[in-house]
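Just work30.cif here, mmCIF, N, CA and C atoms:
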data_query
loop_
_atom_site.label_atom_id
_atom_site.label_comp_id
_atom_site.auth_asym_id
_atom_site.auth_seq_id
_atom_site.Cartn_x
_atom_site.Cartn_y
_atom_site.Cartn_z
N MET A 20 -4.02 -0.69 -13.81
CA MET A 20 -3.72 -1.14 -12.46
C MET A 20 -4.66 -2.28 -12.11
N SER A 21 -4.14 -3.41 -11.72
CA SER A 21 -4.97 -4.57 -11.41
C SER A 21 -5.29 -4.60 -9.92
N SER A 22 -6.38 -5.24 -9.58
CA SER A 22 -6.82 -5.35 -8.19
C SER A 22 -6.15 -6.54 -7.53
N ASN A 23 -5.86 -6.42 -6.24
CA ASN A 23 -5.28 -7.52 -5.46
C ASN A 23 -6.35 -8.42 -4.89
N LEU A 24 -7.62 -8.11 -5.10
CA LEU A 24 -8.68 -8.84 -4.46
C LEU A 24 -8.94 -10.17 -5.14
N THR A 25 -9.25 -11.16 -4.33
CA THR A 25 -9.59 -12.48 -4.85
C THR A 25 -11.05 -12.45 -5.30
N PRO A 26 -11.48 -13.43 -6.10
CA PRO A 26 -12.88 -13.47 -6.50
C PRO A 26 -13.84 -13.56 -5.32
N SER A 27 -13.40 -14.12 -4.18
CA SER A 27 -14.27 -14.24 -3.02
C SER A 27 -14.38 -12.94 -2.24
N ALA A 28 -13.61 -11.93 -2.59
CA ALA A 28 -13.64 -10.66 -1.87
C ALA A 28 -13.77 -9.49 -2.83
N PRO A 29 -14.94 -9.33 -3.42
CA PRO A 29 -15.10 -8.19 -4.31
C PRO A 29 -14.98 -6.89 -3.54
N LYS A 30 -14.62 -5.84 -4.24
CA LYS A 30 -14.48 -4.53 -3.62
C LYS A 30 -15.88 -4.08 -3.20
N MET A 31 -16.14 -4.11 -1.90
CA MET A 31 -17.45 -3.73 -1.41
C MET A 31 -17.45 -3.54 0.09
N LYS A 32 -18.58 -3.10 0.62
CA LYS A 32 -18.76 -2.95 2.06
C LYS A 32 -19.39 -4.21 2.62
N TYR A 33 -18.97 -4.57 3.82
CA TYR A 33 -19.51 -5.74 4.50
C TYR A 33 -20.00 -5.33 5.89
N SER A 34 -21.07 -5.97 6.33
CA SER A 34 -21.52 -5.86 7.70
C SER A 34 -20.73 -6.90 8.50
N VAL A 35 -20.19 -6.51 9.63
CA VAL A 35 -19.36 -7.43 10.43
C VAL A 35 -19.93 -7.54 11.83
N GLN A 36 -20.04 -8.78 12.29
CA GLN A 36 -20.48 -9.05 13.66
C GLN A 36 -19.32 -9.71 14.39
N VAL A 37 -19.04 -9.25 15.59
CA VAL A 37 -17.91 -9.77 16.38
C VAL A 37 -18.44 -10.69 17.48
N LYS A 38 -17.76 -11.83 17.63
CA LYS A 38 -18.02 -12.76 18.73
C LYS A 38 -16.72 -12.85 19.53
N PHE A 39 -16.78 -12.54 20.81
CA PHE A 39 -15.58 -12.54 21.62
C PHE A 39 -15.26 -13.93 22.16
N HIS A 40 -13.98 -14.15 22.44
CA HIS A 40 -13.45 -15.39 23.01
C HIS A 40 -13.60 -16.57 22.06
N LYS A 41 -13.60 -16.30 20.76
CA LYS A 41 -13.66 -17.35 19.75
C LYS A 41 -12.67 -16.99 18.66
N ASP A 42 -12.29 -17.96 17.83
CA ASP A 42 -11.29 -17.73 16.80
C ASP A 42 -11.77 -18.32 15.47
N PHE A 43 -12.49 -17.53 14.68
CA PHE A 43 -12.99 -18.00 13.40
C PHE A 43 -13.38 -16.82 12.51
N VAL A 44 -13.56 -17.10 11.23
CA VAL A 44 -14.10 -16.13 10.27
C VAL A 44 -15.14 -16.88 9.43
N LYS A 45 -16.34 -16.35 9.37
CA LYS A 45 -17.43 -16.97 8.62
C LYS A 45 -18.08 -15.90 7.74
N VAL A 46 -18.23 -16.19 6.44
CA VAL A 46 -18.82 -15.24 5.51
C VAL A 46 -20.18 -15.76 5.06
N GLU A 47 -21.19 -14.90 5.18
CA GLU A 47 -22.55 -15.23 4.75
C GLU A 47 -23.05 -14.08 3.87
N GLY A 48 -22.86 -14.18 2.57
CA GLY A 48 -23.26 -13.09 1.67
C GLY A 48 -22.42 -11.85 1.92
N ASN A 49 -23.06 -10.74 2.27
CA ASN A 49 -22.30 -9.52 2.56
C ASN A 49 -22.13 -9.31 4.07
N LYS A 50 -22.28 -10.39 4.85
CA LYS A 50 -22.09 -10.34 6.29
C LYS A 50 -20.92 -11.24 6.67
N ILE A 51 -20.06 -10.74 7.53
CA ILE A 51 -18.91 -11.50 8.01
C ILE A 51 -19.03 -11.60 9.53
N ILE A 52 -18.91 -12.81 10.05
CA ILE A 52 -18.91 -13.02 11.50
C ILE A 52 -17.49 -13.44 11.86
N VAL A 53 -16.90 -12.72 12.82
CA VAL A 53 -15.50 -12.94 13.17
C VAL A 53 -15.38 -13.19 14.66
N GLY A 54 -14.69 -14.26 15.01
CA GLY A 54 -14.36 -14.52 16.40
C GLY A 54 -13.06 -13.81 16.74
N VAL A 55 -13.08 -13.08 17.84
CA VAL A 55 -11.93 -12.27 18.24
C VAL A 55 -11.50 -12.67 19.65
N MET A 56 -10.23 -12.94 19.81
CA MET A 56 -9.69 -13.34 21.12
C MET A 56 -9.23 -12.13 21.94
N ALA A 57 -8.84 -11.05 21.29
CA ALA A 57 -8.32 -9.87 22.00
C ALA A 57 -9.44 -9.16 22.76
N LYS A 58 -9.08 -8.54 23.86
CA LYS A 58 -10.04 -7.76 24.62
C LYS A 58 -10.34 -6.46 23.88
N PRO A 59 -11.57 -5.97 23.99
CA PRO A 59 -11.92 -4.73 23.31
C PRO A 59 -11.39 -3.50 24.06
N GLU A 60 -10.09 -3.42 24.17
CA GLU A 60 -9.44 -2.31 24.88
C GLU A 60 -8.38 -1.69 23.98
N LYS A 61 -8.40 -0.38 23.89
CA LYS A 61 -7.39 0.39 23.13
C LYS A 61 -7.27 -0.06 21.68
N GLY A 62 -8.37 -0.50 21.09
CA GLY A 62 -8.37 -0.86 19.68
C GLY A 62 -7.79 -2.22 19.35
N LYS A 63 -7.42 -3.01 20.35
CA LYS A 63 -6.79 -4.31 20.11
C LYS A 63 -7.73 -5.28 19.38
N ALA A 64 -9.00 -5.30 19.78
CA ALA A 64 -9.95 -6.21 19.14
C ALA A 64 -10.19 -5.79 17.69
N ASN A 65 -10.30 -4.49 17.43
CA ASN A 65 -10.49 -4.02 16.06
C ASN A 65 -9.27 -4.35 15.20
N GLU A 66 -8.09 -4.22 15.76
CA GLU A 66 -6.86 -4.55 15.03
C GLU A 66 -6.85 -6.03 14.65
N GLU A 67 -7.19 -6.90 15.61
CA GLU A 67 -7.25 -8.33 15.33
C GLU A 67 -8.31 -8.63 14.27
N LEU A 68 -9.46 -7.99 14.38
CA LEU A 68 -10.55 -8.17 13.42
C LEU A 68 -10.10 -7.85 12.00
N LEU A 69 -9.47 -6.70 11.80
CA LEU A 69 -9.03 -6.29 10.47
C LEU A 69 -7.96 -7.24 9.93
N LYS A 70 -7.05 -7.68 10.79
CA LYS A 70 -6.01 -8.62 10.35
C LYS A 70 -6.62 -9.95 9.92
N LYS A 71 -7.60 -10.45 10.68
CA LYS A 71 -8.24 -11.72 10.32
C LYS A 71 -8.99 -11.61 9.00
N ILE A 72 -9.67 -10.51 8.79
CA ILE A 72 -10.41 -10.32 7.54
C ILE A 72 -9.44 -10.23 6.37
N ALA A 73 -8.35 -9.48 6.52
CA ALA A 73 -7.34 -9.37 5.46
C ALA A 73 -6.76 -10.75 5.15
N TRP A 74 -6.43 -11.51 6.18
CA TRP A 74 -5.86 -12.85 5.98
C TRP A 74 -6.88 -13.76 5.28
N HIS A 75 -8.13 -13.72 5.73
CA HIS A 75 -9.17 -14.59 5.16
C HIS A 75 -9.36 -14.32 3.66
N PHE A 76 -9.40 -13.05 3.27
CA PHE A 76 -9.62 -12.70 1.87
C PHE A 76 -8.33 -12.57 1.06
N LYS A 77 -7.19 -12.81 1.73
CA LYS A 77 -5.88 -12.76 1.06
C LYS A 77 -5.63 -11.41 0.39
N VAL A 78 -5.89 -10.35 1.16
CA VAL A 78 -5.62 -8.99 0.71
C VAL A 78 -4.69 -8.33 1.73
N PRO A 79 -3.98 -7.29 1.33
CA PRO A 79 -3.13 -6.60 2.30
C PRO A 79 -4.00 -5.93 3.38
N LEU A 80 -3.45 -5.81 4.56
CA LEU A 80 -4.16 -5.17 5.66
C LEU A 80 -4.60 -3.75 5.28
N SER A 81 -3.82 -3.08 4.47
CA SER A 81 -4.15 -1.72 4.05
C SER A 81 -5.40 -1.66 3.18
N ALA A 82 -5.86 -2.79 2.66
CA ALA A 82 -7.05 -2.83 1.80
C ALA A 82 -8.33 -3.02 2.61
N VAL A 83 -8.21 -3.22 3.93
CA VAL A 83 -9.37 -3.42 4.79
C VAL A 83 -9.51 -2.20 5.70
N ARG A 84 -10.67 -1.55 5.62
CA ARG A 84 -10.89 -0.34 6.42
C ARG A 84 -12.17 -0.47 7.24
N LEU A 85 -12.08 -0.01 8.48
CA LEU A 85 -13.25 0.05 9.35
C LEU A 85 -13.97 1.35 9.07
N ILE A 86 -15.20 1.26 8.56
CA ILE A 86 -15.97 2.43 8.16
C ILE A 86 -16.82 2.94 9.32
N PHE A 87 -17.43 2.02 10.07
CA PHE A 87 -18.34 2.39 11.14
C PHE A 87 -18.30 1.33 12.23
N GLY A 88 -18.46 1.74 13.48
CA GLY A 88 -18.64 0.79 14.57
C GLY A 88 -17.40 0.47 15.37
N ALA A 89 -16.44 1.37 15.41
CA ALA A 89 -15.19 1.10 16.13
C ALA A 89 -15.45 0.71 17.58
N ARG A 90 -16.52 1.22 18.18
CA ARG A 90 -16.78 0.95 19.59
C ARG A 90 -17.97 0.00 19.80
N PHE A 91 -18.40 -0.67 18.74
CA PHE A 91 -19.57 -1.55 18.82
C PHE A 91 -19.24 -2.94 18.30
N LYS A 92 -20.07 -3.93 18.68
CA LYS A 92 -19.89 -5.30 18.18
C LYS A 92 -20.25 -5.41 16.72
N ASN A 93 -21.22 -4.63 16.26
CA ASN A 93 -21.62 -4.64 14.86
C ASN A 93 -20.90 -3.50 14.14
N LYS A 94 -20.23 -3.82 13.05
CA LYS A 94 -19.37 -2.87 12.35
C LYS A 94 -19.64 -2.92 10.87
N VAL A 95 -19.11 -1.94 10.16
CA VAL A 95 -19.13 -1.94 8.71
C VAL A 95 -17.69 -1.75 8.26
N ILE A 96 -17.22 -2.65 7.38
CA ILE A 96 -15.87 -2.53 6.84
C ILE A 96 -15.94 -2.44 5.34
N LYS A 97 -14.87 -1.95 4.76
CA LYS A 97 -14.76 -1.88 3.31
C LYS A 97 -13.49 -2.62 2.93
N ILE A 98 -13.61 -3.50 1.94
CA ILE A 98 -12.45 -4.21 1.40
C ILE A 98 -12.18 -3.67 0.02
N GLY A 99 -10.98 -3.21 -0.21
CA GLY A 99 -10.62 -2.63 -1.49
C GLY A 99 -10.12 -1.22 -1.29
N LYS A 100 -9.55 -0.67 -2.33
CA LYS A 100 -8.97 0.66 -2.20
C LYS A 100 -9.86 1.72 -2.74
#
Is it possible to give me this structure as structure tokens?
Amino acid sequence: MSSNLTPSAPKMKYSVQVKFHKDFVKVEGNKIIVGVMAKPEKGKANEELLKKIAWHFKVPLSAVRLIFGARFKNKVIKIGK
């Protein structure tokens, strides 16, 4: 079974920092900084965050999981199955 991950997105955990009212994705080593436009209500910001990370690394949304920090600006995600 081959992996869907690109060379820029090895299967690993990343620290994620969210910046609100901005629209960008920036990767610095194992840290990802993501600008999120959605309000942090009812999981909308987390949903946008996961979609942006999946799009940036060209992986299916199902390959990106929020491990820690659903209610915080600093989060931990895992890319890969």
Exercise for the section: For Lys32 of chain A, list every protein, DNA or RNA residue within 12 Å, evaluated using only C-alpha atoms, and leave out those in the same chain fewer than 4 positions away; present the list as a list in words. Expected result: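 The residues satisfying every condition are Ala28, Gly48, Asn49, Lys50, Ile51, Ala82, Val83, Arg84, Leu85, Ile86, Phe87, Lys94, Val95, Ile96, Lys97, Ile98, Gly99 and Lys100 of chain A.
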Residue by residue, what does the PyMOL selection byres ((chain A and resi 53-60) around 8) grab here? Present the result as a PDB file with N, CA and C atoms, in the coordinates of the input.
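out_35.pdb, written as the output of this step:
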ATOM      1  N   VAL A  35     -20.190  -6.510   9.630  1.00  0.00           N
ATOM      2  CA  VAL A  35     -19.360  -7.430  10.430  1.00  0.00           C
ATOM      3  C   VAL A  35     -19.930  -7.540  11.830  1.00  0.00           C
ATOM      4  N   GLN A  36     -20.040  -8.780  12.290  1.00  0.00           N
ATOM      5  CA  GLN A  36     -20.480  -9.050  13.660  1.00  0.00           C
ATOM      6  C   GLN A  36     -19.320  -9.710  14.390  1.00  0.00           C
ATOM      7  N   VAL A  37     -19.040  -9.250  15.590  1.00  0.00           N
ATOM      8  CA  VAL A  37     -17.910  -9.770  16.380  1.00  0.00           C
ATOM      9  C   VAL A  37     -18.440 -10.690  17.480  1.00  0.00           C
ATOM     10  N   LYS A  38     -17.760 -11.830  17.630  1.00  0.00           N
ATOM     11  CA  LYS A  38     -18.020 -12.760  18.730  1.00  0.00           C
ATOM     12  C   LYS A  38     -16.720 -12.850  19.530  1.00  0.00           C
ATOM     13  N   PHE A  39     -16.780 -12.540  20.810  1.00  0.00           N
ATOM     14  CA  PHE A  39     -15.580 -12.540  21.620  1.00  0.00           C
ATOM     15  C   PHE A  39     -15.260 -13.930  22.160  1.00  0.00           C
ATOM     16  N   HIS A  40     -13.980 -14.150  22.440  1.00  0.00           N
ATOM     17  CA  HIS A  40     -13.450 -15.390  23.010  1.00  0.00           C
ATOM     18  C   HIS A  40     -13.600 -16.570  22.060  1.00  0.00           C
ATOM     19  N   LYS A  41     -13.600 -16.300  20.760  1.00  0.00           N
ATOM     20  CA  LYS A  41     -13.660 -17.350  19.750  1.00  0.00           C
ATOM     21  C   LYS A  41     -12.670 -16.990  18.660  1.00  0.00           C
ATOM     22  N   ASP A  42     -12.290 -17.960  17.830  1.00  0.00           N
ATOM     23  CA  ASP A  42     -11.290 -17.730  16.800  1.00  0.00           C
ATOM     24  C   ASP A  42     -11.770 -18.320  15.470  1.00  0.00           C
ATOM     25  N   PHE A  43     -12.490 -17.530  14.680  1.00  0.00           N
ATOM     26  CA  PHE A  43     -12.990 -18.000  13.400  1.00  0.00           C
ATOM     27  C   PHE A  43     -13.380 -16.820  12.510  1.00  0.00           C
ATOM     28  N   VAL A  44     -13.560 -17.100  11.230  1.00  0.00           N
ATOM     29  CA  VAL A  44     -14.100 -16.130  10.270  1.00  0.00           C
ATOM     30  C   VAL A  44     -15.140 -16.880   9.430  1.00  0.00           C
ATOM     31  N   LYS A  45     -16.340 -16.350   9.370  1.00  0.00           N
ATOM     32  CA  LYS A  45     -17.430 -16.970   8.620  1.00  0.00           C
ATOM     33  C   LYS A  45     -18.080 -15.900   7.740  1.00  0.00           C
ATOM     34  N   VAL A  46     -18.230 -16.190   6.440  1.00  0.00           N
ATOM     35  CA  VAL A  46     -18.820 -15.240   5.510  1.00  0.00           C
ATOM     36  C   VAL A  46     -20.180 -15.760   5.060  1.00  0.00           C
ATOM     37  N   LYS A  50     -22.280 -10.390   4.850  1.00  0.00           N
ATOM     38  CA  LYS A  50     -22.090 -10.340   6.290  1.00  0.00           C
ATOM     39  C   LYS A  50     -20.920 -11.240   6.670  1.00  0.00           C
ATOM     40  N   ILE A  51     -20.060 -10.740   7.530  1.00  0.00           N
ATOM     41  CA  ILE A  51     -18.910 -11.500   8.010  1.00  0.00           C
ATOM     42  C   ILE A  51     -19.030 -11.600   9.530  1.00  0.00           C
ATOM     43  N   ILE A  52     -18.910 -12.810  10.050  1.00  0.00           N
ATOM     44  CA  ILE A  52     -18.910 -13.020  11.500  1.00  0.00           C
ATOM     45  C   ILE A  52     -17.490 -13.440  11.860  1.00  0.00           C
ATOM     46  N   LYS A  61      -8.400  -0.380  23.890  1.00  0.00           N
ATOM     47  CA  LYS A  61      -7.390   0.390  23.130  1.00  0.00           C
ATOM     48  C   LYS A  61      -7.270  -0.060  21.680  1.00  0.00           C
ATOM     49  N   GLY A  62      -8.370  -0.500  21.090  1.00  0.00           N
ATOM     50  CA  GLY A  62      -8.370  -0.860  19.680  1.00  0.00           C
ATOM     51  C   GLY A  62      -7.790  -2.220  19.350  1.00  0.00           C
ATOM     52  N   LYS A  63      -7.420  -3.010  20.350  1.00  0.00           N
ATOM     53  CA  LYS A  63      -6.790  -4.310  20.110  1.00  0.00           C
ATOM     54  C   LYS A  63      -7.730  -5.280  19.380  1.00  0.00           C
ATOM     55  N   ALA A  64      -9.000  -5.300  19.780  1.00  0.00           N
ATOM     56  CA  ALA A  64      -9.950  -6.210  19.140  1.00  0.00           C
ATOM     57  C   ALA A  64     -10.190  -5.790  17.690  1.00  0.00           C
ATOM     58  N   ASN A  65     -10.300  -4.490  17.430  1.00  0.00           N
ATOM     59  CA  ASN A  65     -10.490  -4.020  16.060  1.00  0.00           C
ATOM     60  C   ASN A  65      -9.270  -4.350  15.200  1.00  0.00           C
ATOM     61  N   GLU A  67      -7.190  -6.900  15.610  1.00  0.00           N
ATOM     62  CA  GLU A  67      -7.250  -8.330  15.330  1.00  0.00           C
ATOM     63  C   GLU A  67      -8.310  -8.630  14.270  1.00  0.00           C
ATOM     64  N   LEU A  68      -9.460  -7.990  14.380  1.00  0.00           N
ATOM     65  CA  LEU A  68     -10.550  -8.170  13.420  1.00  0.00           C
ATOM     66  C   LEU A  68     -10.100  -7.850  12.000  1.00  0.00           C
ATOM     67  N   LYS A  71      -7.600 -10.450  10.680  1.00  0.00           N
ATOM     68  CA  LYS A  71      -8.240 -11.720  10.320  1.00  0.00           C
ATOM     69  C   LYS A  71      -8.990 -11.610   9.000  1.00  0.00           C
ATOM     70  N   ILE A  72      -9.670 -10.510   8.790  1.00  0.00           N
ATOM     71  CA  ILE A  72     -10.410 -10.320   7.540  1.00  0.00           C
ATOM     72  C   ILE A  72      -9.440 -10.230   6.370  1.00  0.00           C
TER      73      ILE A  72
END
Exercise for the section: From segment 30-79 of chain A, collect each residue whose DSSP state is strand (DSSP E or B) and return the set as a ChimeraX atom specification. Expected result: /A:31-39,44-47,50-55
Problem - Separation of atom CA of Lys77 of chain A from atom CA of Phe91 of chain A in Å - result: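 So the answer is 25.1 Å.
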Problem - DSSP helix (DSSP H, G or I) residues within chain A, as a ChimeraX atom specification - result: /A:63-76,80-82
Problem - Interatomic distance, atom N of Pro79 of chain A to atom N of Met31 of chain A (Å, one decimal) - result: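 These atoms are spaced 13.0 Å apart.
When atom CA of Leu80 of chain A is paired with atom CA of Tyr33 of chain A, their separation reads 15.4 Å.
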Padded axis-aligned box of segment 60-76 of chain A (5 Å per side), centre and edge lengths, Å, one decimal, as AutoDock Vina command-line options:
--center_x -8.2 --center_y -7.1 --center_z 13.0 --size_x 14.7 --size_y 25.0 --size_z 33.8
